[in-house]
Amino acid sequence: MLYLNDRDIRAVGLDWSILVESIETAVSIIDSGDYAQPVKPYLRYKNPHNRIIAMPAYVGGNVNAVGLKWISSFPDNTQVGLPRAHSIIVLNDPSTGQPSAVLNSPLPSIVRTASISGLMIRYFMQARSLEKIHLGIIGWGPIGQYHAQMVTALYGERIERIRIYDIKEVDLSGFSALYRDRMEVAETWADVYQQSNIFITCTVSEHRYIDLPPEKGSLLLNVSLRDYKPEALASVKAIIVDDWDEVCRENTDIEQLHLEQGLTRADTRMITDVVLRDSLAEFVEDDPIFFCPMGMAVFDITTAVYYVNKARESGIGTELE
């Protein structure tokens with residue numbers, strides 16, 4: 001069994017183009033039906049703000065893998081110098097069930113999240129013939145920073161401006177100097193929201209705060225799931241989800257739209273429709289596109305397979321008996 005820790009994952013590195021392509025492959029496998037993914041349970045105890053989520057999945061096709069992501073989110077950890085989230089992924093041999101790899105690092109989960117956003121950005125830019133990117137990110141934790149890395153790596157030459165807002169101090173010193181002169185720290189979330197054509201929420205906010213309608217023709221990547229008041233999205237027609245049954249629960253913005261605005265499954269499109277059926281072409285240029293991904297275990301297992309294969313090719317990690 002191959003064991004990969006955080007240092008090993010970092011040694012494998014990031015190839016955003018291949019990572020996004022692997023997510024696109026997984027989307028096609030989902031659409032074919034060659035996968036299994038039960039709705040993930042949330043384990044809560046004592047402090048209701050904390051949770052640990054089990055995410056099992058089988059992915060068929062040329063991925064051919066099965067496994068489980070076990071991810072915790074303890075928001076108060078940051079007050080004592082610990083990461084909010086911890087994640088471990090176990091892969092099993094799909095023929096025998098024998099454990100074949102363990103990835104003990106939050107990075108595959110973070111990278112998976114940014115890669116899904118990267119796939120949506122690609123199809124959005126194709127559908128809208130977008131030439132210049134005004135990128136806005138709310139929340140400058142690891143997920144926000146990795147999203148910025150992903151967008152600059154894939155579309156750096158098209159970026160006009162990167163605007164960032166966080167309730168905490170934003171440190172840009174660790175970000176590539178190549179883009180730092182195009183980055184600014186905004187004073188309010190609205191300064192970012194109203195000046196971005198690609199807008200990403202990466203917060204751990206306990207309260208919805210976005211109460212303004214989105215900019216015309218913008219892409220809203222609702223990564224953190226609980227940022228928009230329902231009235232802000234009341235006129236949005238283009239709503240994309242990864243999986244309706246997963247995302248319409250746990251107090252997500254989609255669930256609130258369902259409860260307060262009457263949103264139904266039939267009113268949304270899935271990421272499979274975007275990738276395989278050109279569903280973004282159904283909407284006019286001025287329509288904002290709202291993508292709300294709950295996170296699918298299929299994508300986590302696919303990303304883990306990428307890291308395991310790369311690690312084995314390079315002799316990275318520890319083989320356990």
# chains A, B, ... in the order shown; residues from 1 in each chain; ligands from 1
>>> select_by_dssp(residues="segment 95-208 of chain A", states="strand (DSSP E)", output="list in words")
Pro99, Ser100, Ala101, Val102, Leu103, Asn104, Ile133, His134, Leu135, Gly136, Ile137, Ile138, Ile159, Glu160, Arg161, Ile162, Arg163, Ile164, Tyr165, Met183, Glu184, Val185, Ile198, Phe199, Ile200 and Thr201 of chain A
>>> write_last_selection(atoms="N, CA, C and O atoms", output="tab-separated table (two decimals), in the first residue's frame")
chain	number	residue	atom	x	y	z
A	99	PRO	N	-6.94	-2.48	0.26
A	99	PRO	CA	-6.44	-1.10	0.25
A	99	PRO	C	-5.13	-1.01	-0.54
A	99	PRO	O	-4.22	-1.83	-0.35
A	100	SER	N	-5.05	-0.01	-1.41
A	100	SER	CA	-3.87	0.11	-2.27
A	100	SER	C	-3.10	1.41	-2.06
A	100	SER	O	-1.93	1.50	-2.43
A	101	ALA	N	-3.74	2.42	-1.48
A	101	ALA	CA	-3.05	3.70	-1.27
A	101	ALA	C	-3.78	4.52	-0.22
A	101	ALA	O	-5.01	4.42	-0.08
A	102	VAL	N	-3.01	5.31	0.51
A	102	VAL	CA	-3.55	6.28	1.46
A	102	VAL	C	-2.90	7.62	1.18
A	102	VAL	O	-1.67	7.71	1.06
A	103	LEU	N	-3.71	8.66	1.03
A	103	LEU	CA	-3.23	10.02	0.83
A	103	LEU	C	-3.61	10.84	2.05
A	103	LEU	O	-4.79	11.15	2.25
A	104	ASN	N	-2.63	11.14	2.87
A	104	ASN	CA	-2.87	11.85	4.12
A	104	ASN	C	-2.47	13.31	3.95
A	104	ASN	O	-1.38	13.73	4.32
A	133	ILE	N	-10.16	38.67	-18.32
A	133	ILE	CA	-10.69	38.19	-17.05
A	133	ILE	C	-10.48	39.22	-15.96
A	133	ILE	O	-9.36	39.69	-15.74
A	134	HIS	N	-11.58	39.57	-15.29
A	134	HIS	CA	-11.51	40.30	-14.04
A	134	HIS	C	-11.94	39.30	-12.96
A	134	HIS	O	-13.11	39.01	-12.79
A	135	LEU	N	-10.93	38.75	-12.28
A	135	LEU	CA	-11.15	37.68	-11.32
A	135	LEU	C	-11.38	38.26	-9.94
A	135	LEU	O	-10.62	39.11	-9.47
A	136	GLY	N	-12.45	37.81	-9.28
A	136	GLY	CA	-12.73	38.22	-7.92
A	136	GLY	C	-12.80	37.01	-7.00
A	136	GLY	O	-13.44	36.01	-7.34
A	137	ILE	N	-12.13	37.10	-5.86
A	137	ILE	CA	-12.12	35.99	-4.89
A	137	ILE	C	-12.45	36.54	-3.51
A	137	ILE	O	-11.80	37.48	-3.03
A	138	ILE	N	-13.47	35.98	-2.90
A	138	ILE	CA	-13.83	36.31	-1.53
A	138	ILE	C	-13.37	35.15	-0.64
A	138	ILE	O	-13.82	34.01	-0.81
A	159	ILE	N	-5.69	37.69	-17.88
A	159	ILE	CA	-6.11	38.33	-16.63
A	159	ILE	C	-5.77	39.81	-16.64
A	159	ILE	O	-4.62	40.20	-16.80
A	160	GLU	N	-6.79	40.61	-16.49
A	160	GLU	CA	-6.62	42.06	-16.36
A	160	GLU	C	-6.42	42.46	-14.90
A	160	GLU	O	-5.58	43.30	-14.60
A	161	ARG	N	-7.24	41.85	-14.02
A	161	ARG	CA	-7.20	42.25	-12.62
A	161	ARG	C	-7.65	41.09	-11.75
A	161	ARG	O	-8.52	40.31	-12.13
A	162	ILE	N	-7.03	40.99	-10.57
A	162	ILE	CA	-7.45	40.04	-9.54
A	162	ILE	C	-7.77	40.84	-8.29
A	162	ILE	O	-6.90	41.51	-7.73
A	163	ARG	N	-9.02	40.78	-7.89
A	163	ARG	CA	-9.46	41.51	-6.69
A	163	ARG	C	-9.79	40.50	-5.61
A	163	ARG	O	-10.47	39.50	-5.86
A	164	ILE	N	-9.37	40.80	-4.39
A	164	ILE	CA	-9.49	39.86	-3.28
A	164	ILE	C	-10.07	40.58	-2.08
A	164	ILE	O	-9.74	41.75	-1.81
A	165	TYR	N	-10.93	39.87	-1.36
A	165	TYR	CA	-11.43	40.40	-0.09
A	165	TYR	C	-11.48	39.27	0.93
A	165	TYR	O	-11.87	38.14	0.62
A	183	MET	N	-2.92	42.58	-8.87
A	183	MET	CA	-3.75	42.16	-7.74
A	183	MET	C	-4.02	43.35	-6.83
A	183	MET	O	-3.16	44.21	-6.64
A	184	GLU	N	-5.21	43.38	-6.28
A	184	GLU	CA	-5.54	44.41	-5.30
A	184	GLU	C	-6.41	43.81	-4.21
A	184	GLU	O	-7.22	42.91	-4.46
A	185	VAL	N	-6.24	44.31	-3.01
A	185	VAL	CA	-7.05	43.89	-1.87
A	185	VAL	C	-8.16	44.92	-1.70
A	185	VAL	O	-7.89	46.10	-1.47
A	198	ILE	N	-15.53	36.86	-13.40
A	198	ILE	CA	-15.45	35.53	-12.79
A	198	ILE	C	-15.28	35.76	-11.30
A	198	ILE	O	-14.28	36.33	-10.85
A	199	PHE	N	-16.28	35.34	-10.53
A	199	PHE	CA	-16.36	35.67	-9.11
A	199	PHE	C	-16.46	34.37	-8.31
A	199	PHE	O	-17.32	33.54	-8.57
A	200	ILE	N	-15.56	34.21	-7.32
A	200	ILE	CA	-15.46	32.95	-6.59
A	200	ILE	C	-15.59	33.21	-5.10
A	200	ILE	O	-14.86	34.03	-4.54
A	201	THR	N	-16.49	32.50	-4.45
A	201	THR	CA	-16.61	32.59	-2.99
A	201	THR	C	-15.92	31.38	-2.36
A	201	THR	O	-16.26	30.23	-2.66
>>> select_by_dssp(residues="segment 110-304 of chain A", states="alpha helix (DSSP H)", output="VMD selection string")
chain A and resid 110 to 128 142 to 155 177 to 180 189 to 193 244 to 247 253 to 261 271 to 277 297 to 304
>>> residues_around(residues="segment 27-40 of chain A", least_positions_apart="4", cutoff="9 Å", atoms="only C-alpha atoms", output="ChimeraX atom specification")
/A:22-23,53-63,245-246,271-273,275-276,296-299
>>> atom_distance(atom1="atom CA of Asp8 of chain A", atom2="atom CA of Ser105 of chain A")
9.1 Å
>>> closest_atom_pairs(of="segment 148-197 of chain A", to="segment 217-226 of chain A", cutoff="12 Å", atoms="only C-alpha atoms", output="tab-separated table")
residue	atom	partner	partner_atom	distance
A:Val192	CA	A:Leu220	CA	11.9
A:Tyr193	CA	A:Leu220	CA	9.3
A:Gln194	CA	A:Ser218	CA	9.7
A:Gln195	CA	A:Ser218	CA	9.7
A:Ser196	CA	A:Ser218	CA	7.2
A:Asn197	CA	A:Ser218	CA	4.3
>>> write_last_selection(atoms="C-alpha atoms", output="mmCIF file, in the first residue's frame")
data_model
loop_
_atom_site.group_PDB
_atom_site.id
_atom_site.type_symbol
_atom_site.label_atom_id
_atom_site.label_comp_id
_atom_site.auth_asym_id
_atom_site.auth_seq_id
_atom_site.Cartn_x
_atom_site.Cartn_y
_atom_site.Cartn_z
ATOM 1 C CA VAL A 192 -14.976 42.588 -5.657
ATOM 2 C CA TYR A 193 -18.425 41.295 -6.567
ATOM 3 C CA GLN A 194 -19.385 44.272 -8.699
ATOM 4 C CA GLN A 195 -16.151 44.405 -10.690
ATOM 5 C CA SER A 196 -15.617 40.737 -11.571
ATOM 6 C CA ASN A 197 -16.686 38.678 -14.563
#
>>> residues_around(residues="Gln261 of chain A", least_positions_apart="6", cutoff="10 Å", atoms="only C-alpha atoms", output="number ranges by chain")
A: 230-231, 233-234, 254-255
>>> residues_around(residues="Ala114 of chain A", least_positions_apart="6", cutoff="12 Å", atoms="only C-alpha atoms", output="PyMOL selection string")
chain A and resi 14+16-17+19-20+23+107-108+120-121+142-154+200-202+221-224+293+295+299-300+303
>>> write_last_selection(atoms="N, CA and C atoms", output="compact mmCIF listing (two decimals), in the first residue's frame")
# COMPACT_ATOMS: atom_id res chain seq x y z
N LEU A 14 1.86 20.25 -9.30
CA LEU A 14 0.58 20.61 -9.90
C LEU A 14 0.73 20.78 -11.40
N TRP A 16 -2.05 21.85 -13.77
CA TRP A 16 -3.47 22.21 -13.77
C TRP A 16 -4.18 21.75 -15.04
N SER A 17 -3.50 21.78 -16.17
CA SER A 17 -4.14 21.33 -17.41
C SER A 17 -4.55 19.87 -17.32
N LEU A 19 -4.92 18.11 -14.53
CA LEU A 19 -5.90 17.94 -13.46
C LEU A 19 -7.31 18.29 -13.93
N VAL A 20 -7.44 19.39 -14.67
CA VAL A 20 -8.75 19.76 -15.20
C VAL A 20 -9.23 18.73 -16.21
N ILE A 23 -10.72 15.79 -14.42
CA ILE A 23 -12.09 16.06 -13.97
C ILE A 23 -13.06 15.95 -15.14
N LEU A 107 -4.42 18.53 0.47
CA LEU A 107 -4.19 19.11 -0.85
C LEU A 107 -4.99 18.46 -1.97
N PRO A 108 -5.12 17.13 -2.05
CA PRO A 108 -5.93 16.57 -3.14
C PRO A 108 -7.36 17.10 -3.13
N MET A 120 -15.32 24.52 -15.26
CA MET A 120 -16.43 25.44 -15.52
C MET A 120 -15.96 26.72 -16.18
N ILE A 121 -14.83 27.24 -15.74
CA ILE A 121 -14.29 28.46 -16.35
C ILE A 121 -14.00 28.23 -17.82
N PRO A 142 -6.63 28.70 1.99
CA PRO A 142 -6.01 27.80 1.01
C PRO A 142 -6.84 27.61 -0.26
N ILE A 143 -8.16 27.47 -0.13
CA ILE A 143 -8.98 27.23 -1.33
C ILE A 143 -8.98 28.46 -2.23
N GLY A 144 -9.10 29.65 -1.65
CA GLY A 144 -9.03 30.86 -2.46
C GLY A 144 -7.70 31.02 -3.15
N GLN A 145 -6.61 30.74 -2.43
CA GLN A 145 -5.28 30.89 -3.00
C GLN A 145 -5.02 29.87 -4.12
N TYR A 146 -5.48 28.65 -3.93
CA TYR A 146 -5.28 27.65 -4.98
C TYR A 146 -6.15 27.95 -6.20
N HIS A 147 -7.31 28.54 -6.00
CA HIS A 147 -8.10 28.99 -7.15
C HIS A 147 -7.35 30.06 -7.94
N ALA A 148 -6.73 30.98 -7.23
CA ALA A 148 -5.95 32.02 -7.92
C ALA A 148 -4.78 31.40 -8.68
N GLN A 149 -4.12 30.42 -8.08
CA GLN A 149 -3.03 29.73 -8.77
C GLN A 149 -3.53 29.04 -10.03
N MET A 150 -4.67 28.38 -9.91
CA MET A 150 -5.22 27.65 -11.06
C MET A 150 -5.56 28.61 -12.21
N VAL A 151 -6.25 29.70 -11.91
CA VAL A 151 -6.67 30.62 -12.97
C VAL A 151 -5.45 31.27 -13.62
N THR A 152 -4.47 31.67 -12.83
CA THR A 152 -3.28 32.29 -13.42
C THR A 152 -2.48 31.30 -14.24
N ALA A 153 -2.43 30.04 -13.80
CA ALA A 153 -1.69 29.03 -14.56
C ALA A 153 -2.35 28.73 -15.91
N LEU A 154 -3.68 28.72 -15.93
CA LEU A 154 -4.39 28.34 -17.16
C LEU A 154 -4.71 29.53 -18.06
N ILE A 200 -15.56 34.21 -7.32
CA ILE A 200 -15.46 32.95 -6.59
C ILE A 200 -15.59 33.21 -5.10
N THR A 201 -16.49 32.50 -4.45
CA THR A 201 -16.61 32.59 -2.99
C THR A 201 -15.92 31.38 -2.36
N CYS A 202 -14.96 31.65 -1.49
CA CYS A 202 -14.18 30.60 -0.83
C CYS A 202 -14.12 30.89 0.67
N LEU A 221 -18.89 31.29 -9.15
CA LEU A 221 -18.48 29.97 -8.66
C LEU A 221 -18.70 29.95 -7.15
N ASN A 222 -19.78 29.31 -6.73
CA ASN A 222 -20.21 29.33 -5.34
C ASN A 222 -19.56 28.18 -4.58
N VAL A 223 -18.24 28.24 -4.49
CA VAL A 223 -17.46 27.13 -3.92
C VAL A 223 -17.82 26.89 -2.47
N SER A 224 -18.04 27.96 -1.71
CA SER A 224 -18.31 27.79 -0.28
C SER A 224 -19.78 27.61 0.05
N PRO A 293 -21.28 23.80 -6.64
CA PRO A 293 -20.82 22.42 -6.55
C PRO A 293 -20.71 21.93 -5.10
N GLY A 295 -19.59 19.11 -4.29
CA GLY A 295 -18.39 18.28 -4.19
C GLY A 295 -18.75 16.81 -4.32
N PHE A 299 -14.96 12.88 -8.12
CA PHE A 299 -13.86 13.77 -8.48
C PHE A 299 -12.68 13.63 -7.52
N ASP A 300 -12.97 13.36 -6.24
CA ASP A 300 -11.89 13.15 -5.28
C ASP A 300 -11.10 11.88 -5.60
N THR A 303 -8.94 12.46 -8.67
CA THR A 303 -7.77 13.27 -8.36
C THR A 303 -6.74 12.46 -7.57
>>> closest_residue(among="A:Phe124, A:Ala177, A:Gly139, A:Val111", to="Ile289 of chain A", atoms="only C-alpha atoms")
A:Phe124
>>> residues_around(residues="Ala11 of chain A", least_positions_apart="6", cutoff="12 Å", atoms="only C-alpha atoms", output="VMD selection string")
chain A and resid 4 to 5 107 307 to 308 310 to 312 314 to 317
>>> write_last_selection(atoms="N, CA, C and O atoms", output="CSV table (one decimal), in the first residue's frame")
chain,number,residue,atom,x,y,z
A,4,LEU,N,1.1,8.4,1.0
A,4,LEU,CA,1.6,9.7,0.6
A,4,LEU,C,1.2,10.7,1.6
A,4,LEU,O,0.0,10.8,2.0
A,5,ASN,N,2.1,11.4,2.2
A,5,ASN,CA,1.8,12.5,3.1
A,5,ASN,C,1.8,13.8,2.4
A,5,ASN,O,2.0,13.9,1.2
A,107,LEU,N,-4.4,18.5,0.5
A,107,LEU,CA,-4.2,19.1,-0.8
A,107,LEU,C,-5.0,18.5,-2.0
A,107,LEU,O,-5.5,19.2,-2.8
A,307,TYR,N,-2.6,11.5,-8.4
A,307,TYR,CA,-1.5,11.7,-7.5
A,307,TYR,C,-0.8,10.4,-7.3
A,307,TYR,O,0.5,10.3,-7.3
A,308,VAL,N,-1.5,9.3,-7.1
A,308,VAL,CA,-0.9,8.0,-6.9
A,308,VAL,C,-0.1,7.6,-8.1
A,308,VAL,O,1.0,7.1,-8.0
A,310,LYS,N,1.2,9.4,-10.5
A,310,LYS,CA,2.4,10.3,-10.6
A,310,LYS,C,3.5,10.0,-9.6
A,310,LYS,O,4.7,10.0,-9.9
A,311,ALA,N,3.0,9.7,-8.4
A,311,ALA,CA,4.0,9.4,-7.3
A,311,ALA,C,4.7,8.1,-7.6
A,311,ALA,O,5.9,8.0,-7.4
A,312,ARG,N,4.0,7.1,-8.1
A,312,ARG,CA,4.6,5.8,-8.4
A,312,ARG,C,5.6,5.9,-9.6
A,312,ARG,O,6.7,5.3,-9.6
A,314,SER,N,7.4,8.5,-10.2
A,314,SER,CA,8.5,9.2,-9.8
A,314,SER,C,9.2,8.6,-8.5
A,314,SER,O,10.2,9.2,-8.0
A,315,GLY,N,8.7,7.5,-8.0
A,315,GLY,CA,9.3,6.9,-6.8
A,315,GLY,C,9.0,7.7,-5.6
A,315,GLY,O,9.9,7.7,-4.6
A,316,ILE,N,7.9,8.4,-5.5
A,316,ILE,CA,7.6,9.3,-4.4
A,316,ILE,C,6.7,8.5,-3.4
A,316,ILE,O,5.8,7.8,-3.9
A,317,GLY,N,6.8,8.7,-2.1
A,317,GLY,CA,6.0,8.0,-1.2
A,317,GLY,C,6.6,6.8,-0.5
A,317,GLY,O,7.8,6.5,-0.8
>>> residues_around(residues="Ala238 of chain A", least_positions_apart="2", cutoff="9 Å", atoms="only C-alpha atoms", output="ChimeraX atom specification")
/A:236,240,267-269,280,282-283,287-291
>>> atom_distance(atom1="atom CA of Phe74 of chain A", atom2="atom CA of Tyr42 of chain A")
12.8 Å
